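Dropping run.tsv in here (TSV, C-alpha atoms and all ligand atoms):
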```tsv
chain	number	residue	atom	x	y	z
Q	1	MET	CA	125.67	181.90	49.85
Q	2	LYS	CA	123.61	181.14	52.92
Q	3	ASP	CA	122.12	183.76	55.15
Q	4	ASN	CA	124.83	184.44	57.77
Q	5	ASN	CA	122.21	184.95	60.50
Q	6	SER	CA	121.36	181.28	60.32
Q	7	ASP	CA	124.99	180.11	60.42
Q	8	LEU	CA	125.90	177.62	63.13
Q	9	LEU	CA	129.00	179.69	63.93
Q	10	GLN	CA	128.95	183.46	63.54
Q	11	PHE	CA	131.54	186.18	63.91
Q	12	ASN	CA	130.64	189.05	66.20
Q	13	THR	CA	132.49	191.73	68.16
Q	14	LYS	CA	133.60	189.22	70.81
Q	15	GLY	CA	134.74	186.27	68.75
Q	16	ILE	CA	133.43	183.17	66.97
Q	17	TYR	CA	129.96	182.61	68.38
Q	18	CYS	CA	127.60	179.64	68.41
Q	19	PRO	CA	124.20	181.23	69.20
Q	20	GLN	CA	122.39	177.91	69.63
Q	21	ALA	CA	124.79	176.90	72.45
Q	22	ASP	CA	125.67	180.41	73.65
Q	23	VAL	CA	129.35	179.41	73.45
Q	24	TYR	CA	132.32	181.31	72.01
Q	25	ILE	CA	135.41	179.84	70.37
Q	26	ASP	CA	138.66	181.78	71.10
Q	27	PRO	CA	136.81	184.98	72.16
Q	28	TRP	CA	138.92	188.14	72.17
Q	29	LYS	CA	136.63	189.77	74.72
Q	30	PRO	CA	135.39	188.31	78.04
Q	31	VAL	CA	132.35	186.01	77.59
Q	32	GLY	CA	130.43	183.43	79.64
Q	33	LYS	CA	131.52	180.14	78.12
Q	34	ALA	CA	134.68	179.93	75.99
Q	35	ILE	CA	136.13	176.98	74.09
Q	36	ILE	CA	139.84	177.61	73.51
Q	37	THR	CA	141.76	176.11	70.59
Q	38	HIS	CA	145.25	176.70	72.06
Q	39	GLY	CA	147.33	178.65	74.55
Q	40	HIS	CA	148.83	181.40	72.34
Q	41	SER	CA	147.87	184.75	73.79
Q	42	ASP	CA	145.80	185.93	70.79
Q	43	HIS	CA	143.56	182.85	71.05
Q	44	SER	CA	143.30	182.51	74.84
Q	45	ARG	CA	142.39	185.78	76.45
Q	46	SER	CA	141.57	186.47	80.05
Q	47	GLY	CA	138.27	187.51	81.64
Q	48	SER	CA	135.84	184.81	80.55
Q	49	LYS	CA	133.73	183.05	83.19
Q	50	SER	CA	134.58	179.52	82.07
Q	51	TYR	CA	137.00	177.85	79.67
Q	52	ILE	CA	136.97	174.47	77.97
Q	53	CYS	CA	140.13	173.21	76.24
Q	54	THR	CA	142.16	170.01	75.87
Q	55	HIS	CA	143.71	168.52	79.01
Q	56	GLN	CA	147.11	169.48	77.60
Q	57	SER	CA	146.11	173.13	77.24
Q	58	VAL	CA	144.88	173.44	80.84
Q	59	PRO	CA	148.33	174.02	82.45
Q	60	ILE	CA	149.22	176.42	79.61
Q	61	LEU	CA	146.07	178.49	80.17
Q	62	GLN	CA	146.67	178.47	83.93
Q	63	HIS	CA	150.27	179.60	83.36
Q	64	ARG	CA	149.15	182.40	81.05
Q	65	LEU	CA	145.80	183.50	82.55
Q	66	GLY	CA	146.28	182.57	86.20
Q	67	GLY	CA	145.76	179.50	88.36
Q	68	ASP	CA	142.33	180.66	89.49
Q	69	ILE	CA	140.54	180.56	86.12
Q	70	ASN	CA	137.54	178.25	85.79
Q	71	VAL	CA	138.87	175.77	83.22
Q	72	LYS	CA	137.84	172.25	82.25
Q	73	GLY	CA	140.07	169.93	80.22
Q	74	ILE	CA	138.70	167.27	77.90
Q	75	ASP	CA	140.25	164.49	75.82
Q	76	TYR	CA	140.81	164.83	72.10
Q	77	GLY	CA	137.87	163.25	70.27
Q	78	ARG	CA	135.49	163.17	73.25
Q	79	SER	CA	132.25	165.01	72.57
Q	80	PHE	CA	130.07	167.08	74.86
Q	81	THR	CA	126.71	168.71	74.28
Q	82	VAL	CA	125.54	172.22	75.06
Q	83	ASN	CA	121.87	172.95	74.37
Q	84	GLY	CA	121.70	170.27	71.70
Q	85	VAL	CA	124.94	171.30	69.99
Q	86	ASN	CA	127.66	168.67	69.89
Q	87	PHE	CA	131.26	169.83	70.39
Q	88	SER	CA	134.55	167.92	70.22
Q	89	LEU	CA	138.24	168.85	70.04
Q	90	HIS	CA	140.65	167.33	67.51
Q	91	PRO	CA	144.44	167.65	67.14
Q	92	ALA	CA	145.61	170.74	65.21
Q	93	GLY	CA	149.36	169.93	65.29
Q	94	HIS	CA	150.15	173.60	65.99
Q	95	ILE	CA	151.57	173.51	69.54
Q	96	ILE	CA	151.16	171.25	72.60
Q	97	GLY	CA	147.44	170.91	73.35
Q	98	SER	CA	146.22	172.72	70.23
Q	99	ALA	CA	142.85	171.68	68.89
Q	100	GLN	CA	140.36	172.18	66.10
Q	101	VAL	CA	136.81	172.58	67.35
Q	102	ARG	CA	134.16	170.43	65.68
Q	103	VAL	CA	130.62	171.74	66.07
Q	104	GLU	CA	127.59	169.70	65.00
Q	105	TYR	CA	123.93	170.61	65.13
Q	106	LYS	CA	121.07	168.82	63.38
Q	107	GLY	CA	123.46	167.06	61.00
Q	108	GLU	CA	125.39	170.18	60.00
Q	109	VAL	CA	129.09	170.16	60.84
Q	110	TRP	CA	131.50	173.09	61.20
Q	111	VAL	CA	135.16	172.99	62.16
Q	112	ALA	CA	137.02	176.01	63.56
Q	113	SER	CA	140.69	175.18	63.22
Q	114	GLY	CA	142.35	177.93	65.27
Q	115	ASP	CA	145.96	177.70	64.11
Q	116	TYR	CA	147.25	174.46	62.61
Q	117	LYS	CA	150.24	172.74	61.08
Q	118	THR	CA	150.23	169.56	59.04
Q	119	GLN	CA	153.91	168.68	59.66
Q	120	ASP	CA	154.60	166.47	62.68
Q	121	ASP	CA	156.99	168.35	65.01
Q	122	GLY	CA	157.46	165.43	67.42
Q	123	VAL	CA	156.00	167.43	70.32
Q	124	SER	CA	152.42	168.41	69.40
Q	125	THR	CA	149.75	165.76	68.82
Q	126	PRO	CA	149.79	165.50	64.98
Q	127	PHE	CA	147.08	167.25	62.92
Q	128	THR	CA	144.11	165.07	61.99
Q	129	PRO	CA	141.64	166.19	59.31
Q	130	VAL	CA	138.00	166.34	60.41
Q	131	LYS	CA	135.16	166.04	57.88
Q	132	CYS	CA	132.83	169.00	57.84
Q	133	HIS	CA	130.54	171.13	55.68
Q	134	THR	CA	132.13	174.45	56.63
Q	135	PHE	CA	135.77	174.90	57.63
Q	136	ILE	CA	137.18	178.01	59.28
Q	137	THR	CA	140.86	178.28	58.35
Q	138	GLU	CA	143.71	180.60	59.21
Q	139	SER	CA	145.86	181.83	56.30
Q	140	THR	CA	149.06	183.08	57.98
Q	141	PHE	CA	151.21	181.59	55.21
Q	142	GLY	CA	148.55	181.35	52.48
Q	143	LEU	CA	150.77	182.19	49.51
Q	144	PRO	CA	152.48	179.66	47.19
Q	145	LEU	CA	155.93	181.03	48.08
Q	146	PHE	CA	155.67	179.56	51.57
Q	147	ASN	CA	156.97	176.01	51.28
Q	148	TRP	CA	158.48	174.40	54.34
Q	149	ALA	CA	161.33	171.90	54.11
Q	150	PRO	CA	161.04	168.89	56.44
Q	151	ILE	CA	161.52	170.04	60.07
Q	152	THR	CA	164.53	167.73	60.40
Q	153	ASP	CA	166.30	169.70	57.60
Q	154	THR	CA	165.82	172.97	59.48
Q	155	ILE	CA	167.01	171.39	62.74
Q	156	ASP	CA	170.14	170.15	60.90
Q	157	GLN	CA	170.81	173.73	59.77
Q	158	ILE	CA	170.44	174.99	63.34
Q	159	ASN	CA	172.82	172.29	64.62
Q	160	THR	CA	175.39	173.20	61.95
Q	161	TRP	CA	175.21	176.91	62.81
Q	162	TRP	CA	175.52	176.14	66.54
Q	163	GLN	CA	178.53	173.88	65.89
Q	164	GLU	CA	180.16	176.66	63.81
Q	165	CYS	CA	179.59	179.11	66.67
Q	166	LYS	CA	181.20	176.68	69.07
Q	167	GLU	CA	184.25	176.27	66.84
Q	168	ALA	CA	184.53	180.07	66.55
Q	169	ASN	CA	184.19	180.46	70.35
Q	170	ARG	CA	180.96	182.46	70.10
Q	171	PRO	CA	177.65	182.14	71.92
Q	172	ALA	CA	174.71	181.24	69.63
Q	173	ILE	CA	171.53	183.22	70.35
Q	174	LEU	CA	168.35	181.93	68.69
Q	175	THR	CA	165.13	183.96	68.92
Q	176	THR	CA	161.94	181.97	69.03
Q	177	TYR	CA	158.47	182.08	70.50
Q	178	SER	CA	158.38	180.68	74.07
Q	179	LEU	CA	155.38	178.40	73.45
Q	180	GLY	CA	155.59	176.16	70.40
Q	181	LYS	CA	158.79	176.56	68.46
Q	182	ALA	CA	160.98	176.66	71.59
Q	183	GLN	CA	159.81	173.15	72.47
Q	184	ASN	CA	160.14	171.91	68.88
Q	185	ILE	CA	163.74	173.11	68.77
Q	186	LEU	CA	164.62	171.78	72.23
Q	187	HIS	CA	163.08	168.40	71.41
Q	188	SER	CA	165.12	167.92	68.24
Q	189	ILE	CA	168.47	169.74	68.47
Q	190	ASP	CA	171.73	167.90	69.11
Q	191	ARG	CA	172.36	168.54	72.81
Q	192	SER	CA	175.81	166.95	72.57
Q	193	ILE	CA	177.07	170.17	70.91
Q	194	GLY	CA	176.96	172.18	74.13
Q	195	GLU	CA	174.97	173.71	76.96
Q	196	VAL	CA	171.53	175.21	76.35
Q	197	PHE	CA	170.21	178.26	78.20
Q	198	GLY	CA	166.87	180.00	78.07
Q	199	HIS	CA	165.47	183.46	78.65
Q	200	GLY	CA	163.21	183.59	81.73
Q	201	ALA	CA	160.06	183.55	79.57
Q	202	ILE	CA	161.15	180.34	77.89
Q	203	ASN	CA	162.35	178.68	81.11
Q	204	LYS	CA	159.08	179.46	82.88
Q	205	MET	CA	156.98	178.09	80.02
Q	206	ASN	CA	159.13	174.94	79.86
Q	207	ASP	CA	158.90	174.46	83.63
Q	208	ALA	CA	155.08	174.72	83.46
Q	209	LEU	CA	154.97	172.12	80.66
Q	210	ILE	CA	157.43	169.81	82.44
Q	211	ALA	CA	155.51	170.05	85.74
Q	212	ALA	CA	152.38	168.98	83.85
Q	213	GLY	CA	154.18	166.03	82.26
Q	214	LEU	CA	153.78	167.49	78.76
Q	215	PHE	CA	157.45	168.07	77.95
Q	216	ASP	CA	160.80	166.74	79.11
Q	217	VAL	CA	163.61	169.11	78.12
Q	218	SER	CA	164.51	171.93	80.50
Q	219	THR	CA	166.57	175.00	79.73
Q	220	ALA	CA	169.12	176.40	82.20
Q	221	GLU	CA	168.78	179.82	83.81
Q	222	VAL	CA	171.51	182.27	82.82
Q	223	ASP	CA	173.97	182.71	85.71
Q	224	THR	CA	174.66	186.41	86.25
Q	225	THR	CA	178.16	185.73	87.60
Q	226	ARG	CA	179.25	183.64	84.65
Q	227	LYS	CA	181.39	185.50	82.09
Q	228	ASN	CA	181.80	183.02	79.25
Q	229	TYR	CA	178.96	181.55	77.18
Q	230	ASP	CA	181.05	180.60	74.12
Q	231	GLY	CA	179.65	177.56	72.36
Q	232	CYS	CA	176.39	177.71	74.31
Q	233	LEU	CA	172.97	177.90	72.65
Q	234	ILE	CA	170.70	180.55	74.15
Q	235	LEU	CA	166.98	180.63	73.33
Q	236	THR	CA	165.11	183.89	73.78
Q	237	PRO	CA	161.96	185.63	72.56
Q	238	MET	CA	162.69	188.49	70.14
Q	239	SER	CA	162.33	190.99	73.01
Q	240	GLY	CA	165.37	189.50	74.75
Q	241	LEU	CA	167.66	190.04	71.78
Q	242	ASN	CA	168.70	193.66	72.17
Q	243	SER	CA	168.23	193.82	75.93
Q	244	LYS	CA	170.56	194.25	78.88
Q	245	TRP	CA	170.02	190.55	79.51
Q	246	SER	CA	171.57	189.57	76.18
Q	247	SER	CA	174.48	192.05	76.34
Q	248	ARG	CA	176.39	189.55	78.52
Q	249	PHE	CA	176.73	187.19	75.53
Q	250	LYS	CA	179.78	188.89	74.06
Q	251	GLY	CA	180.49	188.30	70.36
Q	252	ALA	CA	177.36	186.20	69.89
Q	253	SER	CA	176.02	185.09	66.54
Q	254	THR	CA	172.28	185.77	66.38
Q	255	ALA	CA	169.56	183.89	64.51
Q	256	SER	CA	165.78	183.79	64.17
Q	257	ALA	CA	163.54	180.77	63.58
Q	258	SER	CA	160.29	181.72	61.82
Q	259	GLY	CA	158.21	181.01	58.75
Q	260	TRP	CA	158.83	184.63	57.75
Q	261	MET	CA	162.50	183.79	57.22
Q	262	SER	CA	161.54	182.45	53.80
Q	263	LEU	CA	160.88	186.06	52.71
Q	264	ARG	CA	163.76	188.04	51.26
Q	265	GLY	CA	164.92	190.73	53.63
Q	266	ALA	CA	163.20	189.29	56.72
Q	267	ARG	CA	166.48	188.33	58.37
Q	268	ARG	CA	167.94	191.77	57.79
Q	269	ARG	CA	164.80	193.49	59.06
Q	270	ARG	CA	165.02	191.53	62.29
Q	271	GLY	CA	168.70	192.43	62.56
Q	272	VAL	CA	169.97	188.88	63.01
Q	273	ASP	CA	172.93	187.09	61.39
Q	274	ARG	CA	171.02	183.96	60.35
Q	275	GLY	CA	167.44	183.01	59.55
Q	276	PHE	CA	165.95	179.52	59.80
Q	277	VAL	CA	162.61	178.72	58.21
Q	278	LEU	CA	160.61	177.09	60.99
Q	279	SER	CA	156.94	177.62	61.67
Q	280	ASP	CA	154.13	176.18	63.74
Q	281	HIS	CA	151.65	177.18	61.02
Q	282	ALA	CA	150.83	175.28	57.82
Q	283	ASP	CA	152.58	176.32	54.60
Q	284	TRP	CA	150.78	176.72	51.26
Q	285	ASN	CA	150.61	172.99	50.56
Q	286	GLY	CA	149.67	172.22	54.14
Q	287	LEU	CA	146.73	174.64	54.01
Q	288	ASN	CA	145.50	173.29	50.68
Q	289	LEU	CA	145.82	169.62	51.69
Q	290	ALA	CA	144.18	170.22	55.06
Q	291	ILE	CA	141.22	172.02	53.49
Q	292	LYS	CA	140.77	169.35	50.84
Q	293	ALA	CA	140.84	166.61	53.49
Q	294	THR	CA	137.90	168.17	55.35
Q	295	GLY	CA	135.64	167.66	52.33
Q	296	ALA	CA	134.13	171.07	53.12
Q	297	GLU	CA	132.22	172.93	50.43
Q	298	ARG	CA	132.45	176.22	52.25
Q	299	VAL	CA	135.63	177.77	53.69
Q	300	ILE	CA	135.85	180.87	55.87
Q	301	VAL	CA	139.32	182.40	55.76
Q	302	THR	CA	140.65	184.26	58.80
Q	303	HIS	CA	143.96	185.80	59.90
Q	304	GLY	CA	146.73	186.01	57.32
Q	305	TYR	CA	146.50	186.47	53.55
Q	306	GLN	CA	142.68	186.28	53.70
Q	307	ALA	CA	141.82	188.03	50.43
Q	308	LEU	CA	144.37	186.25	48.23
Q	309	PHE	CA	143.90	182.85	49.79
Q	310	SER	CA	140.12	183.11	49.65
Q	311	LYS	CA	140.30	184.11	45.97
Q	312	TRP	CA	142.47	181.08	45.27
Q	313	LEU	CA	140.04	178.75	47.06
Q	314	LYS	CA	137.15	180.22	45.08
Q	315	SER	CA	139.00	179.41	41.85
Q	316	GLN	CA	139.27	175.83	43.12
Q	317	GLY	CA	135.48	175.59	43.43
Q	318	TYR	CA	134.97	176.37	47.12
Q	319	GLN	CA	132.35	178.73	48.45
Q	320	THR	CA	134.47	181.19	50.39
Q	321	GLN	CA	134.37	184.31	52.50
Q	322	THR	CA	136.98	186.28	54.40
Q	323	GLN	CA	136.48	187.18	58.01
Q	324	LYS	CA	138.30	189.76	60.07
Q	325	THR	CA	139.30	188.59	63.54
Q	326	MET	CA	141.56	189.76	66.37
Q	327	TYR	CA	143.88	186.78	65.84
Q	328	GLU	CA	147.43	187.54	64.86
Q	329	GLY	CA	149.93	185.79	62.63
Q	330	GLU	CA	153.27	184.29	63.50
Q	331	ALA	CA	155.29	187.51	63.71
Q	332	LEU	CA	152.75	189.17	65.94
Q	333	GLU	CA	152.61	186.18	68.26
Q	334	THR	CA	156.28	186.93	68.89
Q	335	GLU	CA	155.49	190.57	69.55
Q	336	ALA	CA	152.71	189.61	71.94
Q	337	VAL	CA	155.07	187.77	74.22
Q	338	SER	CA	157.50	190.70	74.06
Q	339	LYS	CA	154.94	192.89	75.74
Q	340	GLU	CA	154.24	190.31	78.44
Q	341	GLU	CA	157.81	189.86	79.59
Q	401	ZN	ZN	148.90	180.08	67.63
Q	402	ZN	ZN	146.62	182.47	65.49
```
Would you write out, as structure tokens, the structure that this file holds?
Amino acid sequence: MKDNNSDLLQFNTKGIYCPQADVYIDPWKPVGKAIITHGHSDHSRSGSKSYICTHQSVPILQHRLGGDINVKGIDYGRSFTVNGVNFSLHPAGHIIGSAQVRVEYKGEVWVASGDYKTQDDGVSTPFTPVKCHTFITESTFGLPLFNWAPITDTIDQINTWWQECKEANRPAILTTYSLGKAQNILHSIDRSIGEVFGHGAINKMNDALIAAGLFDVSTAEVDTTRKNYDGCLILTPMSGLNSKWSSRFKGASTASASGWMSLRGARRRRGVDRGFVLSDHADWNGLNLAIKATGAERVIVTHGYQALFSKWLKSQGYQTQTQKTMYEGEALETEAVSKEE
């Protein structure tokens, strides 16, 4: 194991730090210069002096952190240099605009992946592996029991449930995160089944993405005077589910779309009628294939099942270490938006 003090990227109390460039990746405290992998609130926090992210992430950061932030967008694959360190952003397939950060200095290459998904959701720029010596990976679903079916299978299940609700004259309420899965679902569901409405948090995020030319499916605002939503699909963050807002949807069937739905009891714990396994993170195979494709000899495992996943990687011949961060997994990303709205 190398001496951590000489590492190109280091973990300190503010985030992932590149001392040579004096740049942070996804800092959880305010810093001078921040490179942001994607717009989820645990990875893009307010208060830093300047932000660099993909062009696609710029409107998301402005929507989340305010229009007055100092942010610069760059193209995927285009490199820039800070004090001799070469940086570039590469598709992570996680949500619109999400990127892995490649960092190169004197021939040594590190990649910080943020959050990623190897399945193509039809909305995010698909994940591309980047060769490196050291790879920093998340491990949200780093256990063999997490195995995603093709996204189209899950969408078919959602369509079938929605159709059943329509035939039973019930509204269909689906809880999902406002940035990421909401767009994946809206992009792929069968809109011929009925009308689609969104919670304010989802509508506002969609409007920001549509205004920036990054997405093309809008969700309707719920009309307070309307009495009947039978057969309609309503998307909401978890926080909207047991609220005054949702009490108007009389007799609704409720469902959740999350990677956690592959765990026994998860649906019941969330108090919903149906669970659909849909995630914007990689499953077990996705993580393993992505790591292998980097050709890295050293892997640093962050948020998720760090200890178990790191132990597994060690048994596969990788040099590994676990690293505590302030990043949250999929369930907590849902909670984070609950607090915002
Ligand atoms: Zn994320
Ligand atoms: Zn994350």
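Residues having any atom no farther than 9 Å from (169.8, 179.4, 80.1) (counting all atoms listed in the file) are Q:Glu195, Q:Val196, Q:Phe197, Q:Gly198, Q:His199, Q:Gly200, Q:Ile202, Q:Asn203, Q:Thr219, Q:Ala220, Q:Glu221, Q:Val222, Q:Asp223, Q:Cys232, Q:Leu233, Q:Ile234, Q:Leu235.
You will find CA of Lys244 (chain Q) at 16.5 Å from CA of Ala172 (chain Q).
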### Message
Residues contacting ligand ZN 401 (chain Q) - anything with an atom at most 8 Å away, using all atoms listed in the file - can you give me those as a ChimeraX atom specification?
### Response
/Q:38-43,94-95,114-116,280-281,329-330,333
Write the selection just made, keeping C-alpha atoms, as a short mmCIF file (atom, residue, chain, number, x, y, z; two decimals), in the coordinates of the input?
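Written output follows (out14.cif):
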```cif
data_model
loop_
_atom_site.label_atom_id
_atom_site.label_comp_id
_atom_site.auth_asym_id
_atom_site.auth_seq_id
_atom_site.Cartn_x
_atom_site.Cartn_y
_atom_site.Cartn_z
CA HIS Q 38 145.25 176.70 72.06
CA GLY Q 39 147.33 178.65 74.55
CA HIS Q 40 148.83 181.40 72.34
CA SER Q 41 147.87 184.75 73.79
CA ASP Q 42 145.80 185.93 70.79
CA HIS Q 43 143.56 182.85 71.05
CA HIS Q 94 150.15 173.60 65.99
CA ILE Q 95 151.57 173.51 69.54
CA GLY Q 114 142.35 177.93 65.27
CA ASP Q 115 145.96 177.70 64.11
CA TYR Q 116 147.25 174.46 62.61
CA ASP Q 280 154.13 176.18 63.74
CA HIS Q 281 151.65 177.18 61.02
CA GLY Q 329 149.93 185.79 62.63
CA GLU Q 330 153.27 184.29 63.50
CA GLU Q 333 152.61 186.18 68.26
#
```
Can you pull out every residue within 10 Å of region 124-135 of chain Q, counting only C-alpha atoms, but drop anything in the same chain fewer than 2 positions away, and send it as a short mmCIF file (atom, residue, chain, number, x, y, z; two decimals) with C-alpha atoms, keeping the file's coordinate frame?
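Once everything was written out, this is selection28.cif:
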```cif
data_model
loop_
_atom_site.label_atom_id
_atom_site.label_comp_id
_atom_site.auth_asym_id
_atom_site.auth_seq_id
_atom_site.Cartn_x
_atom_site.Cartn_y
_atom_site.Cartn_z
CA ASP Q 7 124.99 180.11 60.42
CA LEU Q 8 125.90 177.62 63.13
CA LEU Q 9 129.00 179.69 63.93
CA GLN Q 56 147.11 169.48 77.60
CA TYR Q 76 140.81 164.83 72.10
CA LEU Q 89 138.24 168.85 70.04
CA HIS Q 90 140.65 167.33 67.51
CA PRO Q 91 144.44 167.65 67.14
CA ALA Q 92 145.61 170.74 65.21
CA GLY Q 93 149.36 169.93 65.29
CA HIS Q 94 150.15 173.60 65.99
CA ILE Q 95 151.57 173.51 69.54
CA ILE Q 96 151.16 171.25 72.60
CA GLY Q 97 147.44 170.91 73.35
CA SER Q 98 146.22 172.72 70.23
CA ALA Q 99 142.85 171.68 68.89
CA GLN Q 100 140.36 172.18 66.10
CA VAL Q 101 136.81 172.58 67.35
CA ARG Q 102 134.16 170.43 65.68
CA VAL Q 103 130.62 171.74 66.07
CA GLU Q 104 127.59 169.70 65.00
CA GLY Q 107 123.46 167.06 61.00
CA GLU Q 108 125.39 170.18 60.00
CA VAL Q 109 129.09 170.16 60.84
CA TRP Q 110 131.50 173.09 61.20
CA VAL Q 111 135.16 172.99 62.16
CA ALA Q 112 137.02 176.01 63.56
CA SER Q 113 140.69 175.18 63.22
CA TYR Q 116 147.25 174.46 62.61
CA LYS Q 117 150.24 172.74 61.08
CA THR Q 118 150.23 169.56 59.04
CA GLN Q 119 153.91 168.68 59.66
CA ASP Q 120 154.60 166.47 62.68
CA ASP Q 121 156.99 168.35 65.01
CA GLY Q 122 157.46 165.43 67.42
CA THR Q 137 140.86 178.28 58.35
CA GLU Q 138 143.71 180.60 59.21
CA GLY Q 180 155.59 176.16 70.40
CA GLN Q 183 159.81 173.15 72.47
CA ASN Q 184 160.14 171.91 68.88
CA LEU Q 214 153.78 167.49 78.76
CA PHE Q 215 157.45 168.07 77.95
CA ASP Q 280 154.13 176.18 63.74
CA LEU Q 289 145.82 169.62 51.69
CA ALA Q 290 144.18 170.22 55.06
CA ILE Q 291 141.22 172.02 53.49
CA LYS Q 292 140.77 169.35 50.84
CA ALA Q 293 140.84 166.61 53.49
CA THR Q 294 137.90 168.17 55.35
CA GLY Q 295 135.64 167.66 52.33
CA ALA Q 296 134.13 171.07 53.12
CA GLU Q 297 132.22 172.93 50.43
CA ARG Q 298 132.45 176.22 52.25
CA VAL Q 299 135.63 177.77 53.69
CA ILE Q 300 135.85 180.87 55.87
CA VAL Q 301 139.32 182.40 55.76
CA GLN Q 319 132.35 178.73 48.45
CA THR Q 320 134.47 181.19 50.39
#
```
### Summary
Using only C-alpha atoms and all ligand atoms, the best pick from Q:Thr302, Q:Ser192, Q:Ser310, Q:Asn83 as closest to ligand ZN 402 (chain Q) would be Q:Thr302
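Nearest residue to ligand ZN 402 (chain Q), choosing from Q:Leu61, Q:Ile36, Q:Leu313, Q:Cys165 and counting only C-alpha atoms and all ligand atoms: Q:Ile36.
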### Task
Rank Q:Thr254, Q:Thr152, Q:Ser44, Q:Ser88 by their smallest atom-to-atom distance to ligand ZN 402 (chain Q), using only C-alpha atoms and all ligand atoms, and report the top residue only.
Q:Ser44
How would region 291-304 of chain Q read, as an mmCIF file, in the coordinates of the input, once N, CA and C atoms are built in?
```cif
data_model
loop_
_atom_site.group_PDB
_atom_site.id
_atom_site.type_symbol
_atom_site.label_atom_id
_atom_site.label_comp_id
_atom_site.auth_asym_id
_atom_site.auth_seq_id
_atom_site.Cartn_x
_atom_site.Cartn_y
_atom_site.Cartn_z
ATOM 1 N N ILE Q 291 142.569 171.596 53.881
ATOM 2 C CA ILE Q 291 141.220 172.020 53.490
ATOM 3 C C ILE Q 291 140.550 170.948 52.640
ATOM 4 N N LYS Q 292 141.310 170.388 51.704
ATOM 5 C CA LYS Q 292 140.770 169.350 50.840
ATOM 6 C C LYS Q 292 140.308 168.144 51.675
ATOM 7 N N ALA Q 293 141.140 167.797 52.673
ATOM 8 C CA ALA Q 293 140.840 166.610 53.490
ATOM 9 C C ALA Q 293 139.566 166.762 54.337
ATOM 10 N N THR Q 294 139.134 167.994 54.572
ATOM 11 C CA THR Q 294 137.900 168.170 55.350
ATOM 12 C C THR Q 294 136.659 167.831 54.530
ATOM 13 N N GLY Q 295 136.789 167.871 53.198
ATOM 14 C CA GLY Q 295 135.640 167.660 52.330
ATOM 15 C C GLY Q 295 134.644 168.812 52.372
ATOM 16 N N ALA Q 296 135.045 169.925 52.976
ATOM 17 C CA ALA Q 296 134.130 171.070 53.120
ATOM 18 C C ALA Q 296 133.798 171.696 51.768
ATOM 19 N N GLU Q 297 132.565 172.195 51.643
ATOM 20 C CA GLU Q 297 132.220 172.930 50.430
ATOM 21 C C GLU Q 297 132.374 174.438 50.658
ATOM 22 N N ARG Q 298 132.348 174.807 51.925
ATOM 23 C CA ARG Q 298 132.450 176.220 52.250
ATOM 24 C C ARG Q 298 133.640 176.454 53.191
ATOM 25 N N VAL Q 299 134.438 177.488 52.885
ATOM 26 C CA VAL Q 299 135.630 177.770 53.690
ATOM 27 C C VAL Q 299 135.619 179.243 54.079
ATOM 28 N N ILE Q 300 135.761 179.496 55.372
ATOM 29 C CA ILE Q 300 135.850 180.870 55.870
ATOM 30 C C ILE Q 300 137.300 181.132 56.241
ATOM 31 N N VAL Q 301 137.883 182.163 55.612
ATOM 32 C CA VAL Q 301 139.320 182.400 55.760
ATOM 33 C C VAL Q 301 139.568 183.546 56.737
ATOM 34 N N THR Q 302 140.328 183.235 57.801
ATOM 35 C CA THR Q 302 140.650 184.260 58.800
ATOM 36 C C THR Q 302 142.129 184.620 58.726
ATOM 37 N N HIS Q 303 142.677 185.106 59.804
ATOM 38 C CA HIS Q 303 143.960 185.800 59.900
ATOM 39 C C HIS Q 303 145.087 185.310 58.990
ATOM 40 N N GLY Q 304 145.638 186.284 58.242
ATOM 41 C CA GLY Q 304 146.730 186.010 57.320
ATOM 42 C C GLY Q 304 146.486 186.686 55.996
#
```
